[in-house]
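Here's target10.csv, which has CSV, C-alpha atoms:
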chain,number,residue,atom,x,y,z
A,1,MET,CA,-42.7,21.1,55.4
A,2,PRO,CA,-42.4,17.4,54.5
A,3,TYR,CA,-43.9,17.8,51.1
A,4,ARG,CA,-41.3,20.4,50.1
A,5,ARG,CA,-38.5,18.0,51.0
A,6,LEU,CA,-40.2,15.4,48.7
A,7,LEU,CA,-40.7,17.9,45.9
A,8,ARG,CA,-37.0,18.7,45.5
A,9,PRO,CA,-35.8,15.3,44.4
A,10,LEU,CA,-38.8,15.0,42.1
A,11,LEU,CA,-37.9,18.2,40.4
A,12,ALA,CA,-34.2,17.1,40.1
A,13,LEU,CA,-35.4,13.8,38.5
A,14,ALA,CA,-37.7,15.7,36.0
A,15,LEU,CA,-34.8,18.0,35.0
A,16,ALA,CA,-32.5,15.0,34.4
A,17,LEU,CA,-35.1,13.4,32.2
A,18,LEU,CA,-35.5,16.6,30.2
A,19,LEU,CA,-31.7,16.7,29.6
A,20,LEU,CA,-31.4,13.1,28.3
A,21,PRO,CA,-32.5,13.8,24.7
A,22,ALA,CA,-30.0,16.6,24.4
A,23,VAL,CA,-27.1,14.4,25.6
A,24,ALA,CA,-27.9,11.3,23.5
A,25,PRO,CA,-27.3,12.9,20.1
A,26,SER,CA,-23.8,14.0,21.0
A,27,ALA,CA,-23.0,10.5,22.2
A,28,ARG,CA,-24.2,9.1,18.9
A,29,ALA,CA,-22.1,11.7,17.1
A,30,GLU,CA,-19.0,10.5,18.9
A,31,LYS,CA,-19.6,7.0,17.7
A,32,LYS,CA,-20.0,8.0,14.1
A,33,GLU,CA,-17.4,6.3,11.9
A,34,ALA,CA,-14.7,8.4,10.2
A,35,LYS,CA,-15.1,8.9,6.5
A,36,PRO,CA,-12.9,6.9,4.1
A,37,ILE,CA,-9.8,8.7,2.9
A,38,ARG,CA,-9.2,9.2,-0.9
A,39,VAL,CA,-5.7,8.2,-1.8
A,40,ALA,CA,-3.9,9.1,-5.1
A,41,ILE,CA,-1.2,6.5,-6.0
A,42,ILE,CA,1.8,8.3,-7.5
A,43,PRO,CA,3.4,6.8,-10.6
A,44,ILE,CA,5.7,4.0,-9.3
A,45,ALA,CA,9.4,4.8,-8.9
A,46,ASN,CA,12.0,2.1,-9.9
A,47,SER,CA,15.6,2.0,-8.8
A,48,SER,CA,16.1,-1.7,-9.6
A,49,ALA,CA,17.8,-3.0,-12.7
A,50,GLU,CA,14.6,-4.4,-14.1
A,51,ILE,CA,12.9,-1.9,-16.4
A,52,GLY,CA,9.7,-3.9,-16.6
A,53,ALA,CA,9.2,-3.9,-12.8
A,54,THR,CA,7.2,-0.6,-12.9
A,55,LYS,CA,4.5,-2.0,-15.2
A,56,ILE,CA,4.2,-5.2,-13.2
A,57,MET,CA,4.0,-3.3,-9.9
A,58,GLY,CA,1.3,-1.0,-11.4
A,59,ASP,CA,-0.9,-4.0,-12.2
A,60,ILE,CA,-0.2,-5.5,-8.7
A,61,MET,CA,-1.1,-2.3,-6.9
A,62,ALA,CA,-4.4,-2.0,-9.0
A,63,GLU,CA,-5.3,-5.5,-7.9
A,64,GLN,CA,-4.3,-5.3,-4.3
A,65,VAL,CA,-6.0,-2.0,-3.4
A,66,LYS,CA,-9.3,-3.6,-4.4
A,67,ARG,CA,-8.9,-5.7,-1.2
A,68,ILE,CA,-9.2,-2.7,1.0
A,69,GLU,CA,-12.7,-2.0,2.1
A,70,LYS,CA,-14.2,1.2,0.6
A,71,SER,CA,-15.3,2.2,4.1
A,72,ARG,CA,-11.6,2.7,4.8
A,73,ALA,CA,-10.2,4.2,1.6
A,74,THR,CA,-10.8,4.7,-2.1
A,75,PHE,CA,-7.9,4.9,-4.6
A,76,LEU,CA,-6.9,6.8,-7.7
A,77,LEU,CA,-4.6,4.6,-9.7
A,78,PRO,CA,-1.4,6.0,-11.2
A,79,SER,CA,-2.9,6.1,-14.7
A,80,ASP,CA,-5.9,8.0,-13.4
A,81,VAL,CA,-3.6,10.5,-11.6
A,82,GLU,CA,-1.6,11.1,-14.8
A,83,ARG,CA,-4.7,11.5,-16.9
A,84,ILE,CA,-6.3,14.0,-14.6
A,85,LEU,CA,-3.2,16.1,-14.2
A,86,THR,CA,-2.4,15.9,-17.9
A,87,ASP,CA,-5.7,17.5,-18.6
A,88,LEU,CA,-4.9,20.2,-16.1
A,89,ASN,CA,-1.4,20.7,-17.5
A,90,LYS,CA,0.0,19.7,-14.1
A,91,VAL,CA,1.3,16.2,-14.7
A,92,ASP,CA,5.0,17.3,-14.1
A,93,THR,CA,4.1,17.6,-10.4
A,94,VAL,CA,3.6,13.8,-9.9
A,95,TYR,CA,6.7,13.0,-11.8
A,96,ARG,CA,8.7,15.2,-9.5
A,97,ILE,CA,7.2,13.4,-6.5
A,98,SER,CA,8.0,10.0,-8.0
A,99,ASP,CA,11.6,11.1,-8.9
A,100,ARG,CA,12.2,12.4,-5.4
A,101,TRP,CA,10.7,9.3,-3.8
A,102,GLY,CA,12.8,7.0,-6.0
A,103,THR,CA,16.0,8.9,-5.3
A,104,ASN,CA,16.0,9.3,-1.5
A,105,ALA,CA,12.6,8.1,-0.3
A,106,THR,CA,11.4,11.6,0.8
A,107,LEU,CA,8.4,13.7,-0.2
A,108,ASP,CA,8.7,16.6,-2.6
A,109,SER,CA,6.5,19.0,-0.5
A,110,THR,CA,6.5,21.7,-3.1
A,111,ALA,CA,5.1,19.4,-5.7
A,112,VAL,CA,2.5,17.8,-3.4
A,113,GLY,CA,0.9,21.2,-2.4
A,114,GLY,CA,-2.4,21.7,-4.1
A,115,LEU,CA,-3.0,18.1,-5.1
A,116,ASP,CA,-5.8,17.8,-2.6
A,117,SER,CA,-7.9,20.2,-4.7
A,118,LEU,CA,-6.7,19.0,-8.1
A,119,LEU,CA,-7.3,15.3,-7.4
A,120,MET,CA,-9.9,15.7,-4.7
A,121,ALA,CA,-7.7,13.5,-2.6
A,122,ASP,CA,-6.7,13.4,1.1
A,123,ALA,CA,-3.4,11.6,0.7
A,124,VAL,CA,-0.8,10.3,-1.7
A,125,LEU,CA,0.7,6.8,-1.8
A,126,CYS,CA,4.3,6.7,-3.0
A,127,VAL,CA,5.7,3.3,-4.2
A,128,LYS,CA,9.3,2.4,-5.0
A,129,VAL,CA,10.8,-0.8,-6.4
A,130,SER,CA,14.3,-1.0,-4.9
A,131,GLU,CA,15.0,-4.7,-5.7
A,132,TRP,CA,13.6,-6.9,-8.4
A,133,GLU,CA,15.7,-9.9,-9.4
A,134,SER,CA,15.2,-13.5,-10.4
A,135,HIS,CA,18.2,-15.9,-10.3
A,136,ARG,CA,18.1,-19.3,-11.9
A,137,VAL,CA,20.7,-21.9,-10.8
A,138,PRO,CA,21.9,-23.6,-14.1
A,139,VAL,CA,24.0,-26.4,-12.5
A,140,ILE,CA,23.0,-29.3,-10.3
A,141,GLY,CA,24.5,-28.8,-6.8
A,142,ALA,CA,25.0,-25.0,-7.2
A,143,GLY,CA,22.2,-24.1,-4.7
A,144,GLN,CA,18.6,-22.9,-5.1
A,145,SER,CA,17.0,-20.6,-7.6
A,146,SER,CA,15.5,-17.5,-6.1
A,147,SER,CA,13.5,-14.4,-6.6
A,148,THR,CA,14.1,-11.2,-4.6
A,149,VAL,CA,11.7,-8.2,-4.3
A,150,GLY,CA,12.3,-5.1,-2.2
A,151,LEU,CA,9.7,-2.3,-1.9
A,152,SER,CA,9.2,1.1,-0.2
A,153,LEU,CA,5.7,2.3,0.4
A,154,ALA,CA,4.5,5.4,2.2
A,155,ILE,CA,1.3,7.4,2.6
A,156,PHE,CA,1.5,11.2,3.2
A,157,ASP,CA,-1.3,13.5,4.2
A,158,ILE,CA,-1.5,16.1,1.4
A,159,ARG,CA,-2.4,19.0,3.7
A,160,THR,CA,0.0,18.4,6.6
A,161,MET,CA,2.7,16.7,4.5
A,162,LYS,CA,3.1,14.2,7.4
A,163,ARG,CA,3.8,10.5,6.8
A,164,ILE,CA,0.8,8.6,8.1
A,165,TRP,CA,1.8,5.1,7.1
A,166,SER,CA,4.9,3.3,5.7
A,167,LYS,CA,6.2,-0.2,4.9
A,168,ASN,CA,9.5,-1.4,3.5
A,169,PRO,CA,8.8,-5.1,2.8
A,170,ARG,CA,11.5,-7.3,1.3
A,171,GLU,CA,11.7,-11.1,0.5
A,172,GLN,CA,14.1,-13.5,-1.1
A,173,ARG,CA,12.0,-16.6,-1.9
A,174,PHE,CA,13.8,-19.8,-2.9
A,175,ALA,CA,12.8,-22.7,-5.1
A,176,ALA,CA,13.3,-26.2,-3.9
A,177,GLU,CA,16.9,-27.4,-4.2
A,178,LEU,CA,17.3,-30.0,-7.0
A,179,ASP,CA,18.2,-33.6,-6.2
A,180,ALA,CA,20.8,-35.0,-8.5
A,181,SER,CA,19.3,-38.4,-8.2
A,182,SER,CA,15.9,-37.3,-9.4
A,183,SER,CA,14.8,-38.8,-12.7
A,184,HIS,CA,12.7,-35.7,-13.3
A,185,VAL,CA,15.7,-33.4,-13.8
A,186,ASN,CA,17.4,-33.5,-17.1
A,187,TYR,CA,21.1,-32.5,-16.9
A,188,ASP,CA,24.3,-33.5,-18.8
A,189,GLU,CA,27.6,-35.0,-17.5
A,190,THR,CA,28.9,-31.6,-16.4
A,191,GLY,CA,25.8,-31.1,-14.2
A,192,PHE,CA,24.3,-28.4,-16.5
A,193,ILE,CA,20.5,-28.4,-16.4
A,194,GLN,CA,19.1,-28.9,-19.8
A,195,ARG,CA,15.6,-27.6,-19.2
A,196,SER,CA,15.4,-24.1,-17.6
A,197,SER,CA,12.0,-25.0,-16.3
A,198,ASP,CA,13.6,-27.6,-14.0
A,199,SER,CA,15.3,-24.9,-12.0
A,200,ALA,CA,12.9,-22.1,-12.5
A,201,PRO,CA,12.9,-19.5,-9.6
A,202,PRO,CA,9.6,-18.7,-7.9
A,203,ARG,CA,7.4,-16.3,-9.9
A,204,ILE,CA,8.6,-12.8,-9.0
A,205,GLU,CA,5.1,-11.4,-9.6
A,206,VAL,CA,3.7,-13.7,-6.9
A,207,VAL,CA,6.4,-12.6,-4.5
A,208,ALA,CA,5.7,-8.9,-5.1
A,209,SER,CA,2.0,-9.4,-4.9
A,210,ASP,CA,2.3,-11.2,-1.5
A,211,LEU,CA,4.5,-8.4,-0.2
A,212,VAL,CA,2.0,-5.7,-1.2
A,213,ARG,CA,-1.0,-7.7,0.1
A,214,ASP,CA,0.6,-8.2,3.5
A,215,ALA,CA,1.8,-4.6,3.7
A,216,LEU,CA,-1.7,-3.2,3.0
A,217,LYS,CA,-3.2,-5.2,5.9
A,218,THR,CA,-2.0,-2.4,8.2
A,219,PHE,CA,-3.3,0.3,5.9
A,220,PRO,CA,-4.7,3.1,8.2
A,221,ALA,CA,-8.2,4.4,8.3
A,222,LYS,CA,-8.3,8.2,8.7
Show me the file's structure as structure tokens.
Amino acid sequence: MPYRRLLRPLLALALALLLLPAVAPSARAEKKEAKPIRVAIIPIANSSAEIGATKIMGDIMAEQVKRIEKSRATFLLPSDVERILTDLNKVDTVYRISDRWGTNATLDSTAVGGLDSLLMADAVLCVKVSEWESHRVPVIGAGQSSSTVGLSLAIFDIRTMKRIWSKNPREQRFAAELDASSSHVNYDETGFIQRSSDSAPPRIEVVASDLVRDALKTFPAK
């Protein structure tokens, strides 16, 4: 009968309307943002000739990770990592990780195991200073003063041991070349510059900070 043919599409429509509330929550769940990862920064390795580079880089890392939105990641600084693991009598593990990273830029997988529960972290960030040098030109006409910084940074997932992000930034930044005719430069008859400030290289801390800042712009969200 005609009314039966009409009834069938109406029943199909009613069934579809009943199913909509069940589908909507799953769609919303798929759009739910991923939780931020918690990253433990391993004590910084240093293979450069400058002993003080480690301390400076530690301060730079502490400042630069503040720029990363907390919705993407939170960080344990090297000092926090050392303090927590010292209290647990496990601090040797992070030194092993740092030493291996500083020697051949690889992860010590045996030392990393278990840090997720000890530090309540998802990943570790390894940092190495490979170059750290400031060169001041002492004589007019001998070129430009410069500062050189080379770094190796990588993040490893603690559970899978897989590298999920890495950067190897390097920059040699030059100061302006001195003009022998300039009245602002004080030098003797041999061309030796009398005031070191006249040929000072770019501040190496600024070079390093810029490298870290630019590298962390690509920091992943888990």
**OP:** Figure out the distance between CA of Gly150 (chain A) and CA of Pro202 (chain A), please, to one decimal in Å.
**Re:** 15.0 Å
Original post:
Which of these residues is nearest to Ile155 (chain A), using only C-alpha atoms: A:Val206, A:Val124, A:Ile41, A:Ala175?
Top reply: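 Nearest candidate to Ile155 (chain A) out of A:Val206, A:Val124, A:Ile41, A:Ala175: A:Val124.
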Original post:
Near Thr106 (chain A), counting only C-alpha atoms, which residues have an atom at most 10 Å away, once you skip same-chain residues fewer than 3 positions from it, shown as an NGL selection string?
Top reply: :A and (97-103 or 109 or 126 or 154 or 163)
Subject >> CA of Lys90 (chain A) to CA of Ile164 (chain A), straight-line distance in Å >> reply: 24.8 Å
Original post:
Which one of A:Pro201, A:Pro78, A:Gly143, A:Pro169 sits closest to Tyr95 (chain A) if you count only C-alpha atoms?
Top reply: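 Under the stated criterion, the closest residue is A:Pro78.
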Original post:
How many Å lie between CA of Asp210 (chain A) and CA of Arg136 (chain A), rounded to one decimal?
Top reply: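 Here the two named atoms are 20.6 Å from each other.
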Closest-contact table, region 82-174 of chain A side, partner region 54-72 of chain A, 10 Å, counting all atoms listed in the file, as a tab-separated table:
residue	atom	partner	partner_atom	distance
A:Val127	CA	A:Met57	CA	8.9
A:Lys128	CA	A:Thr54	CA	8.7
A:Val129	CA	A:Thr54	CA	7.4
A:Leu151	CA	A:Met57	CA	9.9
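Ranking A:Gly114, A:Gly52, A:Pro138, A:Pro36 by their shortest atom-to-atom distance to Glu205 (chain A), with only C-alpha atoms included, puts A:Gly52 first.
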